[in-house]
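One file, my_file_17.cif, carrying mmCIF, C-alpha atoms:
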```cif
data_run
loop_
_atom_site.label_atom_id
_atom_site.label_comp_id
_atom_site.auth_asym_id
_atom_site.auth_seq_id
_atom_site.Cartn_x
_atom_site.Cartn_y
_atom_site.Cartn_z
CA ASP G 20 105.48 194.65 130.43
CA ILE G 21 107.81 194.22 133.40
CA ARG G 22 111.22 192.62 133.48
CA ALA G 23 112.69 192.03 136.92
CA THR G 24 116.48 191.94 136.91
CA VAL G 25 119.49 191.75 139.19
CA SER G 26 122.31 194.05 138.14
CA ALA G 27 125.98 193.33 138.67
CA THR G 28 129.40 193.82 137.14
CA GLY G 29 131.78 191.11 136.05
CA THR G 30 134.84 190.30 134.00
CA VAL G 31 134.84 188.57 130.63
CA ASN G 32 137.19 185.58 130.55
CA ALA G 33 137.90 182.61 128.35
CA VAL G 34 136.12 179.47 129.56
CA THR G 35 139.42 177.54 129.69
CA THR G 36 142.73 179.32 130.15
CA VAL G 37 145.96 177.32 130.34
CA LEU G 38 149.18 178.64 131.85
CA VAL G 39 152.21 177.22 130.05
CA GLY G 40 155.42 177.13 132.08
CA THR G 41 158.83 175.49 132.08
CA GLN G 42 160.20 172.70 134.23
CA VAL G 43 163.86 173.49 133.55
CA SER G 44 165.95 176.62 133.88
CA GLY G 45 167.84 178.21 131.03
CA THR G 46 168.02 180.94 128.42
CA ILE G 47 165.29 181.40 125.81
CA LYS G 48 166.95 180.65 122.48
CA GLN G 49 163.99 180.93 120.12
CA LEU G 50 160.33 182.01 120.14
CA TYR G 51 157.96 180.49 117.60
CA VAL G 52 154.66 182.19 118.54
CA ASP G 53 153.51 185.64 119.64
CA TYR G 54 150.37 187.33 120.92
CA ASN G 55 147.17 186.16 119.20
CA SER G 56 148.93 183.21 117.55
CA THR G 57 146.66 180.23 116.94
CA VAL G 58 148.34 177.06 118.20
CA LYS G 59 147.67 173.34 118.10
CA LYS G 60 148.22 170.81 120.85
CA GLY G 61 151.87 169.71 120.82
CA GLN G 62 153.01 172.71 118.75
CA LEU G 63 156.44 174.12 119.62
CA LEU G 64 156.11 177.52 121.31
CA ALA G 65 159.65 178.27 122.45
CA GLN G 66 163.08 176.70 122.74
CA ILE G 67 165.34 176.92 125.78
CA ASP G 68 169.05 176.68 124.90
CA PRO G 69 169.64 172.90 124.99
CA ALA G 70 173.50 172.94 124.99
CA SER G 71 174.01 172.19 128.69
CA PHE G 72 171.25 169.58 128.67
CA GLU G 73 172.73 167.85 125.64
CA ALA G 74 176.05 167.71 127.51
CA GLN G 75 174.30 166.15 130.48
CA VAL G 76 172.77 163.52 128.21
CA ALA G 77 176.19 162.75 126.71
CA GLN G 78 177.74 162.47 130.17
CA ALA G 79 174.94 160.24 131.42
CA SER G 80 175.29 158.04 128.34
CA ALA G 81 179.02 157.67 128.97
CA ASN G 82 178.38 156.85 132.62
CA LEU G 83 175.95 154.15 131.56
CA LEU G 84 178.49 152.61 129.18
CA LEU G 85 181.08 152.65 131.96
CA ALA G 86 178.68 151.04 134.42
CA ARG G 87 177.84 148.30 131.93
CA ALA G 88 181.56 147.66 131.35
CA ASN G 89 182.13 147.41 135.09
CA LEU G 90 179.23 144.98 135.33
CA GLU G 91 180.74 142.79 132.63
CA LYS G 92 184.12 142.97 134.42
CA SER G 93 182.44 141.89 137.64
CA ARG G 94 180.81 138.95 135.89
CA VAL G 95 184.18 137.77 134.57
CA ALA G 96 185.67 138.08 138.06
CA LEU G 97 182.74 136.14 139.48
CA ARG G 98 183.24 133.29 137.04
CA ASP G 99 186.97 133.20 137.89
CA THR G 100 186.43 133.18 141.64
CA LEU G 101 183.70 130.56 141.32
CA THR G 102 186.06 128.30 139.34
CA THR G 103 188.77 128.75 141.96
CA PHE G 104 186.36 128.05 144.80
CA GLU G 105 185.01 124.88 143.15
CA ARG G 106 188.56 123.63 142.47
CA ASN G 107 189.63 124.33 146.02
CA LYS G 108 186.69 122.33 147.35
CA ILE G 109 187.95 119.33 145.39
CA LEU G 110 191.51 119.88 146.55
CA TYR G 111 190.41 120.27 150.13
CA GLY G 112 188.49 116.99 149.88
CA LYS G 113 191.77 115.30 148.86
CA ASN G 114 193.69 117.10 151.64
CA PHE G 115 195.84 118.99 149.15
CA ILE G 116 194.99 122.42 150.68
CA SER G 117 194.14 123.63 154.12
CA LYS G 118 190.75 124.70 155.41
CA SER G 119 191.94 128.28 155.57
CA ASP G 120 192.78 128.25 151.85
CA LEU G 121 189.29 126.94 151.10
CA ASP G 122 187.69 129.61 153.28
CA ALA G 123 189.75 132.30 151.63
CA SER G 124 188.63 131.26 148.15
CA GLU G 125 184.99 131.18 149.32
CA THR G 126 185.33 134.67 150.71
CA VAL G 127 186.71 135.94 147.41
CA TYR G 128 183.83 134.26 145.59
CA LEU G 129 181.19 135.80 147.86
CA SER G 130 182.84 139.21 147.49
CA ALA G 131 182.69 138.87 143.70
CA LEU G 132 179.02 137.90 143.95
CA ALA G 133 178.30 141.01 146.02
CA GLN G 134 180.22 143.10 143.50
CA ILE G 135 177.92 141.81 140.77
CA LYS G 136 174.88 143.13 142.64
CA ALA G 137 176.62 146.47 143.21
CA SER G 138 177.51 146.73 139.52
CA GLU G 139 173.94 145.91 138.49
CA ALA G 140 172.65 148.62 140.85
CA GLN G 141 175.17 151.05 139.35
CA VAL G 142 173.86 150.27 135.86
CA GLU G 143 170.27 150.96 136.95
CA GLN G 144 171.33 154.19 138.64
CA THR G 145 173.15 155.50 135.59
CA ARG G 146 170.25 154.41 133.34
CA ALA G 147 167.86 156.44 135.52
CA ALA G 148 170.24 159.42 135.36
CA LEU G 149 170.29 159.13 131.58
CA SER G 150 166.49 158.99 131.45
CA LEU G 151 166.26 162.09 133.66
CA SER G 152 168.75 164.04 131.53
CA GLN G 153 166.86 163.04 128.37
CA THR G 154 163.60 164.20 129.97
CA ASN G 155 165.15 167.54 130.92
CA LEU G 156 166.41 167.90 127.35
CA ARG G 157 162.86 167.38 126.06
CA TYR G 158 161.63 169.99 128.55
CA THR G 159 163.76 172.60 126.77
CA GLN G 160 161.11 172.48 124.05
CA ILE G 161 158.07 174.38 125.33
CA VAL G 162 154.99 172.95 123.60
CA SER G 163 151.31 173.83 123.74
CA PRO G 164 149.21 171.43 125.84
CA VAL G 165 145.95 172.43 124.09
CA ASN G 166 144.50 173.89 120.93
CA GLY G 167 143.88 177.60 121.38
CA THR G 168 145.08 181.19 121.05
CA VAL G 169 148.04 182.80 122.78
CA ILE G 170 146.68 185.74 124.77
CA SER G 171 149.79 186.46 126.82
CA ARG G 172 153.56 186.04 126.41
CA SER G 173 155.88 186.90 129.31
CA ILE G 174 159.30 186.03 127.83
CA ASP G 175 161.68 187.28 125.14
CA VAL G 176 164.63 185.77 123.31
CA GLY G 177 167.73 185.89 125.50
CA GLN G 178 165.77 186.02 128.75
CA THR G 179 166.77 183.57 131.48
CA VAL G 180 163.98 181.61 133.15
CA ALA G 181 164.46 179.86 136.47
CA ALA G 182 162.36 176.86 137.41
CA SER G 183 162.95 176.53 141.14
CA PHE G 184 160.22 176.48 143.76
CA GLN G 185 157.51 177.80 141.44
CA THR G 186 157.11 177.09 137.75
CA PRO G 187 157.35 180.39 135.84
CA THR G 188 154.53 181.14 133.42
CA LEU G 189 155.77 181.73 129.87
CA PHE G 190 152.51 181.79 127.88
CA THR G 191 148.78 182.05 128.61
CA ILE G 192 146.62 180.18 126.11
CA ALA G 193 142.85 180.54 125.81
CA GLN G 194 141.46 177.28 124.56
CA ASP G 195 138.45 178.68 122.64
CA LEU G 196 137.70 182.40 122.36
CA THR G 197 134.36 181.74 120.62
CA LYS G 198 133.05 180.52 123.99
CA MET G 199 133.48 183.02 126.82
CA GLN G 200 132.26 183.40 130.36
CA ILE G 201 131.55 186.31 132.67
CA ASP G 202 132.63 186.03 136.30
CA ALA G 203 130.02 188.24 137.96
CA SER G 204 129.83 189.21 141.64
CA ILE G 205 126.30 189.09 143.08
CA ASP G 206 125.38 190.69 146.40
CA GLU G 207 124.25 188.30 149.13
CA ALA G 208 120.86 190.05 149.21
CA ASP G 209 120.21 189.02 145.60
CA ILE G 210 121.93 185.63 145.35
CA GLY G 211 118.81 183.76 146.47
CA ARG G 212 116.97 184.98 143.35
CA ILE G 213 119.61 183.68 140.94
CA LYS G 214 119.02 180.30 139.27
CA THR G 215 120.96 178.39 136.66
CA ASN G 216 119.85 178.84 133.04
CA GLN G 217 118.37 182.28 133.71
CA PRO G 218 118.84 184.57 130.68
CA VAL G 219 121.36 187.37 130.95
CA THR G 220 121.91 190.57 129.00
CA PHE G 221 125.05 192.66 129.31
CA THR G 222 127.05 195.44 127.72
CA VAL G 223 130.75 196.22 127.57
CA ASP G 224 132.41 199.62 127.26
CA ALA G 225 133.93 198.72 123.90
CA TYR G 226 130.47 198.35 122.33
CA PRO G 227 128.14 200.56 124.42
CA ASP G 228 125.31 200.40 121.86
CA GLN G 229 125.29 196.61 121.57
CA THR G 230 123.59 194.26 123.99
CA PHE G 231 125.02 190.76 124.34
CA LYS G 232 123.17 187.73 125.66
CA GLY G 233 124.11 184.74 127.78
CA ASN G 234 122.85 182.32 130.43
CA VAL G 235 123.68 181.63 134.06
CA SER G 236 125.64 178.38 134.11
CA GLU G 237 126.99 178.19 137.64
CA ILE G 238 126.39 179.68 141.09
CA ARG G 239 129.38 179.22 143.36
CA ASN G 240 128.93 178.76 147.09
CA ALA G 241 132.26 180.24 148.22
CA PRO G 242 131.67 183.78 149.55
CA THR G 243 133.94 186.76 148.93
CA THR G 244 134.05 189.41 151.66
CA VAL G 245 135.45 192.86 150.93
CA GLN G 246 134.99 195.58 153.58
CA ASN G 247 132.16 193.56 155.20
CA VAL G 248 130.31 193.25 151.87
CA VAL G 249 129.61 189.63 150.98
CA THR G 250 129.25 188.61 147.35
CA TYR G 251 129.06 185.32 145.47
CA ALA G 252 130.50 184.43 142.08
CA VAL G 253 128.01 183.67 139.31
CA ILE G 254 129.30 182.31 136.01
CA VAL G 255 127.56 183.40 132.81
CA LYS G 256 128.30 181.48 129.59
CA VAL G 257 128.39 183.59 126.41
CA ASP G 258 128.80 182.79 122.72
CA ASN G 259 131.41 184.96 121.02
CA PRO G 260 131.33 183.98 117.32
CA GLU G 261 132.57 187.38 116.09
CA LEU G 262 135.36 187.52 118.72
CA LYS G 263 134.20 190.98 119.83
CA LEU G 264 134.49 190.08 123.49
CA LYS G 265 138.06 190.11 124.76
CA PRO G 266 139.42 188.54 127.96
CA GLY G 267 139.46 191.07 130.79
CA MET G 268 136.62 193.29 129.54
CA THR G 269 134.26 194.67 132.18
CA ALA G 270 130.66 193.59 131.67
CA ASN G 271 127.59 195.40 133.04
CA VAL G 272 125.30 192.45 133.67
CA SER G 273 121.53 192.21 134.05
CA ILE G 274 120.28 188.79 135.12
CA ILE G 275 116.63 188.43 134.15
CA ILE G 276 114.78 187.05 137.16
CA ASP G 277 111.29 187.26 135.64
CA ASP G 278 109.76 188.69 132.49
CA LYS G 279 106.00 189.24 132.25
CA LYS G 280 103.98 190.70 129.42
CA GLY G 281 100.42 192.03 129.24
CA ILE G 282 100.08 192.64 132.96
CA LEU G 283 98.58 195.41 135.08
CA ARG G 284 101.32 197.66 136.45
CA ILE G 285 101.72 200.90 138.36
CA PRO G 286 104.58 203.38 138.75
CA ASN G 287 106.79 202.60 141.73
CA ALA G 288 106.41 206.19 142.91
CA ALA G 289 102.73 205.51 143.68
CA LEU G 290 103.73 202.91 146.28
CA ARG G 291 105.91 205.44 148.13
CA VAL G 292 103.26 208.16 148.55
CA LYS G 293 102.44 209.09 152.15
CA ILE G 294 99.43 211.24 153.06
CA GLN G 295 100.04 213.45 156.10
CA ASP G 296 96.39 214.32 156.82
CA LYS G 297 95.52 212.25 159.90
CA GLU G 298 91.78 212.52 159.26
CA ILE G 299 92.28 210.80 155.93
CA THR G 300 94.80 208.20 157.08
CA ALA G 301 92.98 207.27 160.30
CA THR G 302 90.48 205.04 158.51
CA ALA G 303 92.70 204.05 155.58
CA PRO G 304 93.63 200.35 155.18
CA LYS G 305 97.12 199.42 156.29
CA GLY G 306 99.72 197.40 154.39
CA THR G 307 100.78 197.60 150.77
CA GLY G 308 98.63 199.84 148.65
CA VAL G 309 98.30 203.10 146.73
CA TRP G 310 96.33 206.31 147.00
CA ILE G 311 93.88 207.23 144.26
CA LEU G 312 91.65 210.24 143.72
CA GLU G 313 87.94 209.57 144.07
CA ASP G 314 85.64 212.57 144.02
CA LYS G 315 88.76 214.74 144.39
CA LYS G 316 89.65 213.03 147.68
CA PRO G 317 92.56 210.63 148.41
CA THR G 318 91.39 207.07 148.90
CA ARG G 319 93.63 204.20 150.05
CA VAL G 320 93.45 201.01 147.93
CA PRO G 321 95.17 197.87 149.30
CA LEU G 322 97.04 195.82 146.70
CA THR G 323 98.82 192.55 146.26
CA ILE G 324 101.93 193.19 144.18
CA GLY G 325 104.21 190.97 142.13
CA ILE G 326 107.49 191.57 140.40
CA SER G 327 109.04 194.99 140.03
CA ASP G 328 111.71 196.74 138.02
CA ASN G 329 113.21 200.19 138.57
CA ARG G 330 110.09 201.97 137.29
CA PHE G 331 106.97 199.80 137.60
CA THR G 332 105.44 197.12 139.83
CA GLU G 333 103.06 194.34 138.84
CA ILE G 334 99.55 194.33 140.37
CA LEU G 335 98.29 190.84 141.21
CA SER G 336 95.04 191.88 142.89
CA GLY G 337 93.29 195.00 144.18
CA ASN G 338 90.40 197.32 143.44
CA ILE G 339 92.17 199.31 140.77
CA SER G 340 91.78 199.72 137.03
CA GLU G 341 93.33 201.50 134.10
CA SER G 342 91.00 204.46 134.65
CA SER G 343 92.08 204.93 138.30
CA ARG G 344 93.89 208.18 138.99
CA LEU G 345 97.00 207.32 141.01
CA ILE G 346 98.58 209.79 143.40
CA VAL G 347 102.32 209.80 142.73
CA GLU G 348 103.35 212.94 144.62
CA VAL G 349 102.24 214.90 147.69
CA LYS G 350 102.95 218.61 148.26
CA SER G 351 103.96 218.73 151.85
CA ASN G 352 103.53 222.51 152.21
CA ASN G 353 99.75 222.50 151.89
CA GLN G 354 99.01 218.78 152.23
CA LYS G 355 97.31 218.71 148.85
CA THR G 356 97.82 215.76 146.60
CA ASN G 357 98.74 215.65 142.94
CA SER G 358 97.63 212.80 140.77
CA GLN G 359 99.53 211.51 137.79
CA GLN G 360 98.51 213.58 134.77
CA GLY G 361 98.62 212.74 131.09
CA PRO G 362 98.60 209.37 129.48
CA PRO G 363 98.48 206.91 131.05
CA PRO G 364 96.39 208.28 133.98
CA GLY G 365 96.76 205.11 136.05
CA PRO G 366 97.98 201.55 135.80
CA ARG G 367 99.17 200.56 132.38
CA PHE G 368 99.24 197.38 130.35
#
```
Structure translated into structure tokens:
Amino acid sequence: DIRATVSATGTVNAVTTVLVGTQVSGTIKQLYVDYNSTVKKGQLLAQIDPASFEAQVAQASANLLLARANLEKSRVALRDTLTTFERNKILYGKNFISKSDLDASETVYLSALAQIKASEAQVEQTRAALSLSQTNLRYTQIVSPVNGTVISRSIDVGQTVAASFQTPTLFTIAQDLTKMQIDASIDEADIGRIKTNQPVTFTVDAYPDQTFKGNVSEIRNAPTTVQNVVTYAVIVKVDNPELKLKPGMTANVSIIIDDKKGILRIPNAALRVKIQDKEITATAPKGTGVWILEDKKPTRVPLTIGISDNRFTEILSGNISESSRLIVEVKSNNQKTNSQQGPPPGPRF
């Protein structure tokens, strides 16, 4: 049997990790969850001191009441100026007042009409300010956006958080720790052999005697270059029903490229043997092949090979059998060859 693999290292991570931050600044008044807490979507995680935000809501509410009162006052003034203007038009038509008095009353009326629009705009402005202050008050309650498990907490009671240019992260929540992924880095020389859905085996240092299984789910095209070494990220999906795998663990990954059973195979060392005797090599076939002992003399046998692992290589075709005696080592001091001794004497099934 031969199993061809690509080896790599990677990091175990939750499939979905959510960073929970705050959109307002303040002092942490209360914490309701800790590390490893199981949370539900919408659950309260922490409370920022709401005192100053409640005061802002109260002030905005008062401003809105004042703006509405001013609007009502403007409406009363508008009705009064309109009545005066209409009366003056009648009086002017009977020559009881001058044209200047009529124009003056019209000007006052138009001013009152403009004041109405300004008062209405002031009401909308204060209503928006109230809505914003109420929103900021709600933001003092830090809630979970998803169902999951808290894997990180970066705040304590009494700590001041500042939401300025960048939202500070307060909690890290893994959505489902029973489904994990490995972010593996694959060398550019091997990435062409990686396909989605290929089986994967891996180990972690915490459980060195246990082999875990997964499958390639994604091959990312963005390269990563470190000291002129180019790698590509390959995502491996893993089931974690017993929660043995923790976020951040280092995984030693073997991606199974091919797995063949019941095939003819030879030790890789046989493919690397070089005979130094020019009389023997002069007529030997070129290309891929091995040396075997026939009548106590090295004979070159050309081969067509298939997949390979770290120890053996598959033989697709060639004049070789299980009884063939492969040369796996050459003693350079006397140019004599040593064949592989003991079972199996040659290619093995």
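All residues that come within 10 Å of the coordinates (124.3, 180.4, 134.8), counting all atoms listed in the file, are given as Gln200, Ile201, Ile213, Lys214, Thr215, Asn216, Gln217, Pro218, Val219, Gly233, Asn234, Val235, Ser236, Glu237, Ile238, Val253, Ile254, Val255, Lys256, Val257 and Ile274 of chain G.
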Report summary line: The residue from G:Asn166, G:Asn240, G:Thr318, G:Thr186 with the smallest atom-to-atom distance to Thr36 in chain G, counting only C-alpha atoms, is G:Asn166
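Evaluated against this file, the PyMOL selection byres ((chain G and resi 203) around 10) yields G:Ser26, G:Ala27, G:Thr28, G:Gly29, G:Thr30, G:Val31, G:Gln200, G:Ile201, G:Asp202, G:Ser204, G:Ile205, G:Asp206, G:Val235, G:Ile238, G:Thr250, G:Tyr251, G:Ala252, G:Val253, G:Ile254, G:Val255, G:Thr269, G:Ala270, G:Asn271, G:Val272.
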Okay, now the selection with C-alpha atoms, as a compact mmCIF listing (two decimals), in the frame of the given file?
```txt
# COMPACT_ATOMS: atom_id res chain seq x y z
CA SER G 26 122.31 194.05 138.14
CA ALA G 27 125.98 193.33 138.67
CA THR G 28 129.40 193.82 137.14
CA GLY G 29 131.78 191.11 136.05
CA THR G 30 134.84 190.30 134.00
CA VAL G 31 134.84 188.57 130.63
CA GLN G 200 132.26 183.40 130.36
CA ILE G 201 131.55 186.31 132.67
CA ASP G 202 132.63 186.03 136.30
CA SER G 204 129.83 189.21 141.64
CA ILE G 205 126.30 189.09 143.08
CA ASP G 206 125.38 190.69 146.40
CA VAL G 235 123.68 181.63 134.06
CA ILE G 238 126.39 179.68 141.09
CA THR G 250 129.25 188.61 147.35
CA TYR G 251 129.06 185.32 145.47
CA ALA G 252 130.50 184.43 142.08
CA VAL G 253 128.01 183.67 139.31
CA ILE G 254 129.30 182.31 136.01
CA VAL G 255 127.56 183.40 132.81
CA THR G 269 134.26 194.67 132.18
CA ALA G 270 130.66 193.59 131.67
CA ASN G 271 127.59 195.40 133.04
CA VAL G 272 125.30 192.45 133.67
```
Requested in this report: For the structure provided, state which residues fall under the PyMOL selection byres ((chain G and resi 188) around 10), and present them as a PyMOL selection string.
Outcome: chain G and resi 37-41+171-174+180+182+185-187+189-191
Report task. Tell me which protein, DNA and RNA residues are within 9 Å of Tyr128 in chain G, counting only C-alpha atoms, leaving out same-chain ones fewer than 6 positions away, and put them as a ChimeraX atom specification. Result -> /G:96-104
Kindly save the residues from that selection, with C-alpha atoms included, as a PDB file, in the coordinates of the input.
```pdb
ATOM      1  CA  ALA G  96     185.670 138.080 138.060  1.00  0.00           C
ATOM      2  CA  LEU G  97     182.740 136.140 139.480  1.00  0.00           C
ATOM      3  CA  ARG G  98     183.240 133.290 137.040  1.00  0.00           C
ATOM      4  CA  ASP G  99     186.970 133.200 137.890  1.00  0.00           C
ATOM      5  CA  THR G 100     186.430 133.180 141.640  1.00  0.00           C
ATOM      6  CA  LEU G 101     183.700 130.560 141.320  1.00  0.00           C
ATOM      7  CA  THR G 102     186.060 128.300 139.340  1.00  0.00           C
ATOM      8  CA  THR G 103     188.770 128.750 141.960  1.00  0.00           C
ATOM      9  CA  PHE G 104     186.360 128.050 144.800  1.00  0.00           C
TER      10      PHE G 104
END
```
